[in-house]
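**Student:** This one is run.txt, compact mmCIF, C-alpha atoms.
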```txt
# COMPACT_ATOMS: atom_id res chain seq x y z
CA MET A 1435 91.78 51.80 68.88
CA GLU A 1436 93.76 53.63 66.19
CA PHE A 1437 91.20 56.46 66.27
CA LEU A 1438 91.68 56.85 70.03
CA GLN A 1439 95.44 56.96 69.60
CA ASP A 1440 95.15 59.65 66.91
CA HIS A 1441 92.71 61.60 69.08
CA TYR A 1442 95.10 61.42 72.04
CA ALA A 1443 98.03 62.48 69.83
CA VAL A 1444 96.11 65.53 68.56
CA LYS A 1445 95.16 66.57 72.10
CA ASN A 1446 98.76 66.16 73.21
CA GLU A 1447 100.03 68.29 70.29
CA LEU A 1448 97.46 71.01 70.97
CA LEU A 1449 98.60 71.06 74.60
CA LEU A 1450 102.22 71.46 73.47
CA ILE A 1451 101.25 74.37 71.22
CA LEU A 1452 99.37 76.01 74.11
CA ILE A 1453 102.42 75.60 76.37
CA SER A 1454 104.65 77.20 73.71
CA VAL A 1455 102.30 80.19 73.48
CA ILE A 1456 102.35 80.66 77.26
CA LEU A 1457 106.16 80.42 77.47
CA GLY A 1458 106.54 82.86 74.57
CA LEU A 1459 104.12 85.20 76.33
CA LEU A 1460 106.21 85.17 79.52
CA ILE A 1461 109.42 86.08 77.68
CA GLY A 1462 107.64 88.57 75.41
CA ALA A 1463 106.04 90.31 78.39
CA GLU A 1464 109.50 90.96 79.87
CA ARG A 1465 110.77 92.41 76.57
CA GLU A 1466 107.57 94.47 76.15
CA TYR A 1467 107.94 95.84 79.68
CA ARG A 1468 111.43 97.08 78.80
CA ASN A 1469 110.11 98.59 75.55
CA LYS A 1470 112.41 96.58 73.27
CA SER A 1471 112.17 96.44 69.49
CA ALA A 1472 110.69 92.91 69.59
CA GLY A 1473 107.83 92.61 72.05
CA LEU A 1474 104.96 90.43 73.22
CA ARG A 1475 103.49 89.25 69.91
CA THR A 1476 106.91 88.61 68.34
CA PHE A 1477 108.05 86.22 71.06
CA ILE A 1478 104.71 84.41 71.20
CA LEU A 1479 104.84 83.80 67.45
CA VAL A 1480 108.52 82.77 67.53
CA CYS A 1481 107.92 80.21 70.28
CA PHE A 1482 104.65 78.97 68.77
CA GLY A 1483 106.08 78.79 65.24
CA SER A 1484 109.19 76.89 66.36
CA CYS A 1485 107.02 74.45 68.29
CA LEU A 1486 104.66 73.87 65.33
CA PHE A 1487 107.51 73.43 62.83
CA THR A 1488 109.15 70.91 65.16
CA ILE A 1489 105.91 68.92 65.49
CA LEU A 1490 105.51 68.96 61.70
CA SER A 1491 109.12 67.88 61.17
CA ILE A 1492 108.53 64.87 63.41
CA LYS A 1493 105.27 64.00 61.59
CA ILE A 1494 106.30 64.76 58.00
CA GLY A 1495 109.99 63.91 57.96
CA VAL A 1496 109.64 60.40 59.33
CA ALA A 1497 112.86 59.19 57.67
CA ASN A 1498 114.85 62.34 58.43
CA PRO A 1499 112.95 64.49 60.99
CA ASP A 1500 115.82 66.87 61.65
CA ARG A 1501 115.79 68.49 58.16
CA LEU A 1502 112.79 70.77 58.73
CA ALA A 1503 113.73 71.53 62.33
CA ALA A 1504 117.28 72.50 61.32
CA ASN A 1505 115.92 75.18 58.98
CA ILE A 1506 114.16 76.84 61.93
CA ILE A 1507 117.58 77.95 63.19
CA THR A 1508 118.41 79.50 59.82
CA GLY A 1509 115.10 81.37 59.70
CA ILE A 1510 115.51 82.64 63.25
CA GLY A 1511 118.98 83.92 62.30
CA PHE A 1512 117.45 86.20 59.64
CA LEU A 1513 114.75 87.33 62.05
CA GLY A 1514 117.27 88.13 64.78
CA ALA A 1515 119.41 90.13 62.37
CA GLY A 1516 116.44 92.41 61.74
CA VAL A 1517 116.41 93.74 65.32
CA ILE A 1518 120.14 94.57 65.45
CA PHE A 1519 121.03 98.14 64.55
CA LYS A 1520 123.94 100.51 65.09
CA GLY A 1521 123.48 103.38 67.55
CA GLU A 1522 125.74 106.39 67.80
CA ASN A 1523 128.25 104.77 70.14
CA LYS A 1524 127.41 101.06 70.20
CA ILE A 1525 125.49 98.21 68.60
CA GLU A 1526 121.89 97.93 69.85
CA GLY A 1527 119.48 94.98 69.85
CA ILE A 1528 121.94 92.10 70.31
CA THR A 1529 120.29 90.98 73.57
CA THR A 1530 116.85 91.00 71.93
CA ALA A 1531 118.19 89.04 68.94
CA THR A 1532 119.77 86.38 71.15
CA THR A 1533 116.55 86.21 73.19
CA ILE A 1534 114.62 85.48 69.98
CA TRP A 1535 117.14 82.71 69.24
CA ALA A 1536 116.77 81.26 72.75
CA THR A 1537 112.96 81.48 72.54
CA ALA A 1538 113.03 79.48 69.31
CA SER A 1539 115.02 76.76 71.07
CA ILE A 1540 112.38 76.70 73.82
CA GLY A 1541 109.63 76.31 71.22
CA MET A 1542 111.56 73.45 69.60
CA ALA A 1543 111.96 71.76 72.99
CA VAL A 1544 108.20 72.00 73.56
CA GLY A 1545 107.45 70.64 70.08
CA SER A 1546 109.79 67.70 70.72
CA GLY A 1547 107.94 66.90 73.94
CA TYR A 1548 110.69 68.03 76.33
CA VAL A 1549 108.39 70.25 78.37
CA TYR A 1550 110.58 70.22 81.47
CA PHE A 1551 113.56 71.43 79.43
CA SER A 1552 111.45 74.22 78.00
CA LEU A 1553 110.21 75.30 81.44
CA LEU A 1554 113.77 75.34 82.76
CA GLY A 1555 114.92 77.26 79.67
CA THR A 1556 112.19 79.87 80.10
CA ALA A 1557 113.08 80.34 83.77
CA LEU A 1558 116.76 80.80 82.90
CA VAL A 1559 115.97 83.31 80.14
CA LEU A 1560 113.82 85.39 82.52
CA VAL A 1561 116.50 85.26 85.23
CA ILE A 1562 119.20 86.34 82.77
CA LEU A 1563 117.08 89.17 81.36
CA SER A 1564 115.72 90.46 84.67
CA ALA A 1565 117.90 89.58 87.64
CA LEU A 1566 121.24 89.98 85.87
CA THR A 1567 120.24 93.48 84.72
CA TYR A 1568 120.90 94.68 88.26
CA LEU A 1569 124.35 93.09 88.21
CA GLN A 1570 125.05 94.69 84.83
CA ASN A 1571 123.98 98.10 86.15
CA PHE A 1572 126.17 97.63 89.23
CA ILE A 1573 129.21 96.88 87.06
CA ASP A 1574 128.33 99.72 84.69
CA ASN A 1575 128.18 102.23 87.55
CA TYR A 1576 131.74 101.36 88.55
CA HIS A 1577 133.13 101.03 85.04
CA LYS A 1578 131.05 103.15 82.69
CA ILE A 1579 132.50 103.88 79.24
CA ARG A 1580 131.14 106.83 77.29
CA GLU A 1581 132.19 108.70 74.17
CA TYR A 1582 131.90 112.48 74.50
CA ARG A 1583 131.91 114.95 71.63
CA ILE A 1584 133.20 118.21 73.15
CA SER A 1585 133.60 121.51 71.27
CA VAL A 1586 136.08 124.11 72.56
CA THR A 1587 137.20 127.51 71.26
CA ALA A 1588 140.93 126.89 70.77
CA SER A 1589 143.44 124.05 70.63
CA GLY A 1590 144.87 125.10 74.00
CA ASP A 1591 141.59 124.16 75.65
CA VAL A 1592 142.27 120.50 74.90
CA LYS A 1593 144.69 120.52 77.83
CA HIS A 1594 141.94 122.14 79.87
CA CYS A 1595 139.66 119.19 79.04
CA GLU A 1596 142.33 116.67 80.01
CA GLU A 1597 142.83 118.39 83.34
CA MET A 1598 139.07 118.37 83.91
CA PHE A 1599 138.93 114.62 83.24
CA ARG A 1600 141.76 113.97 85.70
CA ASN A 1601 140.03 116.08 88.35
CA HIS A 1602 136.95 113.88 87.98
CA HIS A 1603 139.02 110.65 88.16
CA LEU A 1604 138.15 109.62 84.59
CA LYS A 1605 140.54 107.82 82.28
CA TYR A 1606 140.53 109.45 78.85
CA LEU A 1607 141.50 108.64 75.27
CA MET A 1608 141.33 111.09 72.37
CA ILE A 1609 139.70 109.39 69.39
CA LYS A 1610 139.17 112.12 66.78
CA GLN A 1611 139.62 115.86 66.22
CA GLN A 1612 137.81 118.20 63.87
CA TYR A 1613 138.60 121.89 63.37
CA THR A 1614 135.88 124.19 61.94
CA GLN A 1615 136.03 128.02 61.74
CA GLY A 1616 137.90 128.62 64.98
CA ASN A 1617 136.19 125.82 66.92
CA LEU A 1618 137.78 122.48 67.73
CA THR A 1619 135.60 119.42 68.25
CA VAL A 1620 137.20 116.44 69.96
CA ILE A 1621 135.73 112.99 70.53
CA TRP A 1622 136.90 111.50 73.83
CA ARG A 1623 136.41 108.02 75.26
CA LEU A 1624 136.10 108.35 79.03
CA THR A 1625 136.08 105.50 81.54
CA GLY A 1626 135.14 105.72 85.22
CA LYS A 1627 132.36 105.57 87.79
CA GLY A 1628 128.89 106.69 86.83
CA THR A 1629 128.88 109.38 89.53
CA HIS A 1630 132.11 110.82 88.11
CA HIS A 1631 130.48 111.07 84.70
CA GLU A 1632 127.51 112.90 86.20
CA ASP A 1633 129.81 115.37 87.99
CA LEU A 1634 131.72 115.95 84.76
CA MET A 1635 128.54 116.78 82.84
CA LYS A 1636 127.61 119.41 85.43
CA ASN A 1637 131.08 120.91 85.08
CA LEU A 1638 130.84 120.91 81.26
CA VAL A 1639 127.59 122.90 81.40
CA ASP A 1640 129.09 125.57 83.67
CA ASP A 1641 132.53 125.80 82.04
CA PRO A 1642 132.84 128.93 79.81
CA LYS A 1643 135.54 127.29 77.64
CA ILE A 1644 133.17 124.51 76.56
CA ILE A 1645 130.99 125.53 73.61
CA ALA A 1646 128.98 122.32 73.38
CA TYR A 1647 129.12 118.67 74.36
CA GLN A 1648 127.33 115.48 73.44
CA PHE A 1649 127.57 111.84 74.52
```
Once you've parsed the file, please lay out its structure as structure tokens.

**Tutor:**
Amino acid sequence: MEFLQDHYAVKNELLLILISVILGLLIGAEREYRNKSAGLRTFILVCFGSCLFTILSIKIGVANPDRLAANIITGIGFLGAGVIFKGENKIEGITTATTIWATASIGMAVGSGYVYFSLLGTALVLVILSALTYLQNFIDNYHKIREYRISVTASGDVKHCEEMFRNHHLKYLMIKQQYTQGNLTVIWRLTGKGTHHEDLMKNLVDDPKIIAYQF
């Protein structure tokens, strides 16, 4: 009888591990499709590893099963920090890092036997990553913030830039100036609709007073 119980327990645990791999695959496929720094294999291993560690914590730490599971969160924190990096104008990889953290929680839910919670969690993660991207893009198109590095020939052309921004209905803020051998480079923070930014870039290319620009 005890043998049958152990056999059933092993089959149940193997099923939980398989479920964790499938759920990690679903989230990883979405990240891989968007060509993020952490992709398919990373999320499968995160979900599988969290599930296995949780099962082991329940089996090994009979008196205090939360000790091993609690350290999963610490380990995931170090892993998530590895995918965060600083771009030119903003911090990149935060969404991927938080997705790794959420995937670990899903793996822990599977390992604890809360399969329905893990299925709901996976569905919510996919909705947040996929469906809400369209909402984010919609908001971004109406309130896009960019930093432009614009080089002009003389200090008087700064007023010319300000007038150009106003003509394109963009709010502007001067962040930094740098003068080098007759050329003035100014970093501007511009806020406005995405279409207004596109029109501005066309104007910057054709304007003879603009030496170079970058955003």

**Student:** Please compute the atom CA of A:Ser1491-atom CA of A:Asn1446 distance, one decimal, in Å.

**Tutor:**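 Between these atoms lies a distance of 16.0 Å.
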
**Student:** What separation in Å, quoted to one decimal, exists between atom CA of A:Arg1583 and atom CA of A:Glu1526?

**Tutor:**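 Going from atom CA of A:Arg1583 over to atom CA of A:Glu1526 covers 19.8 Å.
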
**Student:** Identify, on the basis of all atoms listed in the file, every residue whose closest approach to A:Tyr1576 does not exceed 10 Å; exclude the query and any residue fewer than 5 positions from it along the same chain; express the result as a list in words.

**Tutor:**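 Result of the neighbour search: Asn1571, Thr1625, Gly1626, Lys1627, Gly1628, Thr1629 and His1630 of chain A.
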
**Student:** If we count all atoms listed in the file, what is near A:Thr1529 at a cut-off of 9 Å, once residues fewer than 4 positions away on the same chain are taken out, given as a ChimeraX atom specification?

**Tutor:** /A:1518,1533-1534,1563

**Student:** Would you please work out which residue, of A:Lys1610, A:Lys1470, A:Lys1445, A:His1602, is nearest to A:Ile1584 when using only C-alpha atoms?

**Tutor:**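 Of the candidates, the smallest distance to A:Ile1584 is held by A:Lys1610.
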
**Student:** Measuring between all atoms listed in the file, which one of A:Val1592, A:Leu1560, A:Ile1453, A:Leu1638 shows the shortest distance to A:Tyr1548?

**Tutor:**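 Result for the nearest residue to A:Tyr1548: A:Ile1453.
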
**Student:** Got a sec: who's within 9 Å of A:Val1517, counting all atoms listed in the file, leaving out chain neighbours fewer than 4 positions off, as a ChimeraX atom specification?

**Tutor:** /A:1471-1472,1513,1526-1528,1530-1531

**Student:** Which residue out of A:Leu1449, A:Leu1457, A:Ser1585, A:Lys1493 has the minimum interatomic distance to A:Leu1479 when all atoms listed in the file are used?

**Tutor:**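 Distance minimum relative to A:Leu1479 lands on A:Leu1457.
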
**Student:** So how many Å separate atom CA of A:Gly1547 and atom CA of A:Ile1562, to one decimal?

**Tutor:** 24.1 Å

**Student:** Please, what is the axis-aligned box for every listed atom of stretch 1636-1641 of chain A with 5 Å on each side, as centre and edge lengths in Å to one decimal, as lines of an AutoDock Vina configuration file?

**Tutor:**
```
center_x = 130.1
center_y = 122.6
center_z = 83.3
size_x = 14.9
size_y = 16.4
size_z = 14.2
```

**Student:** If we count all atoms listed in the file, what is near A:Leu1474 at a cut-off of 6 Å, once residues fewer than 6 positions away on the same chain are taken out, given as a short mmCIF file (atom, residue, chain, number, x, y, z; two decimals) with C-alpha atoms, in the coordinates of the input?

**Tutor:**
```
data_model
loop_
_atom_site.label_atom_id
_atom_site.label_comp_id
_atom_site.auth_asym_id
_atom_site.auth_seq_id
_atom_site.Cartn_x
_atom_site.Cartn_y
_atom_site.Cartn_z
CA GLY A 1462 107.64 88.57 75.41
CA ALA A 1463 106.04 90.31 78.39
CA GLU A 1466 107.57 94.47 76.15
#
```

**Student:** Near A:Cys1485, within 8 Å and counting all atoms listed in the file, which residues show up once chain neighbours fewer than 2 positions away are dropped, as a list in words?

**Tutor:**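 Contacts, with the query itself left out: Leu1450, Ile1451, Ser1454, Cys1481, Phe1482, Gly1483, Phe1487, Thr1488, Ile1489, Ala1538, Gly1541, Met1542, Ala1543, Val1544, Gly1545 and Ser1546 of chain A.
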
**Student:** Could you check the closest approach to A:Gln1615 for each of A:Val1586, A:Val1455, A:Ile1644, A:Ile1510 and tell me which residue wins, using all atoms listed in the file?

**Tutor:**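 Distance minimum relative to A:Gln1615 lands on A:Val1586.
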
**Student:** Give the answer as one residue: which of A:Ala1536, A:Ile1494, A:Ile1506, A:Leu1624 has the shortest atom-to-atom distance to A:Tyr1582, using only C-alpha atoms?

**Tutor:**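 Answer, going by the shortest atom-to-atom distance: A:Leu1624.
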
**Student:** Need a file for stretch 1601-1612 of chain A from that block: all heavy atoms, written as a tab-separated table (two decimals), in the first residue's frame.

**Tutor:**
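So part_24.tsv came out as:
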```
chain	number	residue	atom	x	y	z
A	1601	ASN	N	5.96	75.00	-33.62
A	1601	ASN	CA	5.22	74.80	-34.86
A	1601	ASN	C	4.72	73.36	-35.02
A	1601	ASN	O	3.71	73.12	-35.69
A	1601	ASN	CB	6.08	75.17	-36.07
A	1601	ASN	CG	6.35	76.67	-36.15
A	1601	ASN	OD1	5.59	77.47	-35.58
A	1601	ASN	ND2	7.41	77.06	-36.83
A	1602	HIS	N	5.43	72.44	-34.39
A	1602	HIS	CA	5.03	71.03	-34.47
A	1602	HIS	C	4.27	70.58	-33.21
A	1602	HIS	O	4.09	69.38	-32.99
A	1602	HIS	CB	6.25	70.14	-34.68
A	1602	HIS	CG	6.83	70.23	-36.06
A	1602	HIS	ND1	7.77	71.17	-36.41
A	1602	HIS	CD2	6.59	69.51	-37.19
A	1602	HIS	CE1	8.10	71.02	-37.68
A	1602	HIS	NE2	7.39	70.02	-38.18
A	1603	HIS	N	3.83	71.55	-32.41
A	1603	HIS	CA	2.99	71.29	-31.23
A	1603	HIS	C	3.67	70.33	-30.25
A	1603	HIS	O	3.04	69.42	-29.71
A	1603	HIS	CB	1.63	70.72	-31.65
A	1603	HIS	CG	0.94	71.54	-32.70
A	1603	HIS	ND1	0.41	72.79	-32.45
A	1603	HIS	CD2	0.73	71.30	-34.03
A	1603	HIS	CE1	-0.12	73.28	-33.56
A	1603	HIS	NE2	0.06	72.41	-34.54
A	1604	LEU	N	4.97	70.53	-30.03
A	1604	LEU	CA	5.74	69.71	-29.11
A	1604	LEU	C	6.19	70.56	-27.92
A	1604	LEU	O	6.73	71.65	-28.11
A	1604	LEU	CB	6.97	69.11	-29.80
A	1604	LEU	CG	6.69	68.08	-30.91
A	1604	LEU	CD1	7.95	67.79	-31.71
A	1604	LEU	CD2	6.12	66.79	-30.32
A	1605	LYS	N	5.96	70.06	-26.72
A	1605	LYS	CA	6.49	70.71	-25.54
A	1605	LYS	C	7.98	70.40	-25.43
A	1605	LYS	O	8.39	69.27	-25.68
A	1605	LYS	CB	5.76	70.23	-24.29
A	1605	LYS	CG	4.28	70.57	-24.27
A	1605	LYS	CD	3.61	70.05	-23.01
A	1605	LYS	CE	2.12	70.38	-22.99
A	1605	LYS	NZ	1.46	69.84	-21.79
A	1606	TYR	N	8.78	71.39	-25.04
A	1606	TYR	CA	10.22	71.18	-25.05
A	1606	TYR	C	10.86	71.62	-23.74
A	1606	TYR	O	10.35	72.49	-23.03
A	1606	TYR	CB	10.87	71.93	-26.22
A	1606	TYR	CG	10.64	73.42	-26.23
A	1606	TYR	CD1	11.49	74.30	-25.56
A	1606	TYR	CD2	9.53	73.95	-26.91
A	1606	TYR	CE1	11.26	75.66	-25.58
A	1606	TYR	CE2	9.30	75.32	-26.93
A	1606	TYR	CZ	10.16	76.17	-26.27
A	1606	TYR	OH	9.93	77.51	-26.27
A	1607	LEU	N	11.98	70.97	-23.43
A	1607	LEU	CA	12.77	71.31	-22.25
A	1607	LEU	C	14.24	71.12	-22.60
A	1607	LEU	O	14.65	70.04	-23.05
A	1607	LEU	CB	12.40	70.41	-21.07
A	1607	LEU	CG	13.25	70.58	-19.80
A	1607	LEU	CD1	13.03	71.97	-19.19
A	1607	LEU	CD2	12.92	69.49	-18.79
A	1608	MET	N	15.03	72.17	-22.43
A	1608	MET	CA	16.46	72.08	-22.70
A	1608	MET	C	17.15	71.41	-21.51
A	1608	MET	O	17.02	71.85	-20.37
A	1608	MET	CB	17.06	73.47	-22.93
A	1608	MET	CG	18.53	73.45	-23.31
A	1608	MET	SD	19.24	75.12	-23.44
A	1608	MET	CE	18.31	75.77	-24.83
A	1609	ILE	N	17.89	70.35	-21.79
A	1609	ILE	CA	18.52	69.57	-20.72
A	1609	ILE	C	20.01	69.89	-20.60
A	1609	ILE	O	20.53	70.07	-19.50
A	1609	ILE	CB	18.33	68.06	-20.97
A	1609	ILE	CG1	16.84	67.71	-20.94
A	1609	ILE	CG2	19.08	67.23	-19.93
A	1609	ILE	CD1	16.54	66.29	-21.27
A	1610	LYS	N	20.70	70.01	-21.75
A	1610	LYS	CA	22.15	70.19	-21.70
A	1610	LYS	C	22.63	70.88	-22.96
A	1610	LYS	O	22.08	70.67	-24.04
A	1610	LYS	CB	22.83	68.82	-21.55
A	1610	LYS	CG	24.33	68.86	-21.36
A	1610	LYS	CD	24.87	67.43	-21.19
A	1610	LYS	CE	26.38	67.44	-21.03
A	1610	LYS	NZ	26.91	66.06	-20.89
A	1611	GLN	N	23.69	71.69	-22.83
A	1611	GLN	CA	24.33	72.33	-23.98
A	1611	GLN	C	25.81	71.99	-24.00
A	1611	GLN	O	26.44	71.87	-22.95
A	1611	GLN	CB	24.17	73.86	-23.91
A	1611	GLN	CG	22.78	74.38	-24.10
A	1611	GLN	CD	22.74	75.89	-24.22
A	1611	GLN	OE1	23.55	76.47	-24.93
A	1611	GLN	NE2	21.80	76.52	-23.53
A	1612	GLN	N	26.34	71.90	-25.22
A	1612	GLN	CA	27.78	71.67	-25.38
A	1612	GLN	C	28.27	72.43	-26.60
A	1612	GLN	O	27.75	72.23	-27.71
A	1612	GLN	CB	28.08	70.17	-25.53
A	1612	GLN	CG	29.56	69.87	-25.67
A	1612	GLN	CD	29.83	68.38	-25.82
A	1612	GLN	OE1	28.91	67.56	-25.73
A	1612	GLN	NE2	31.08	68.02	-26.07
```
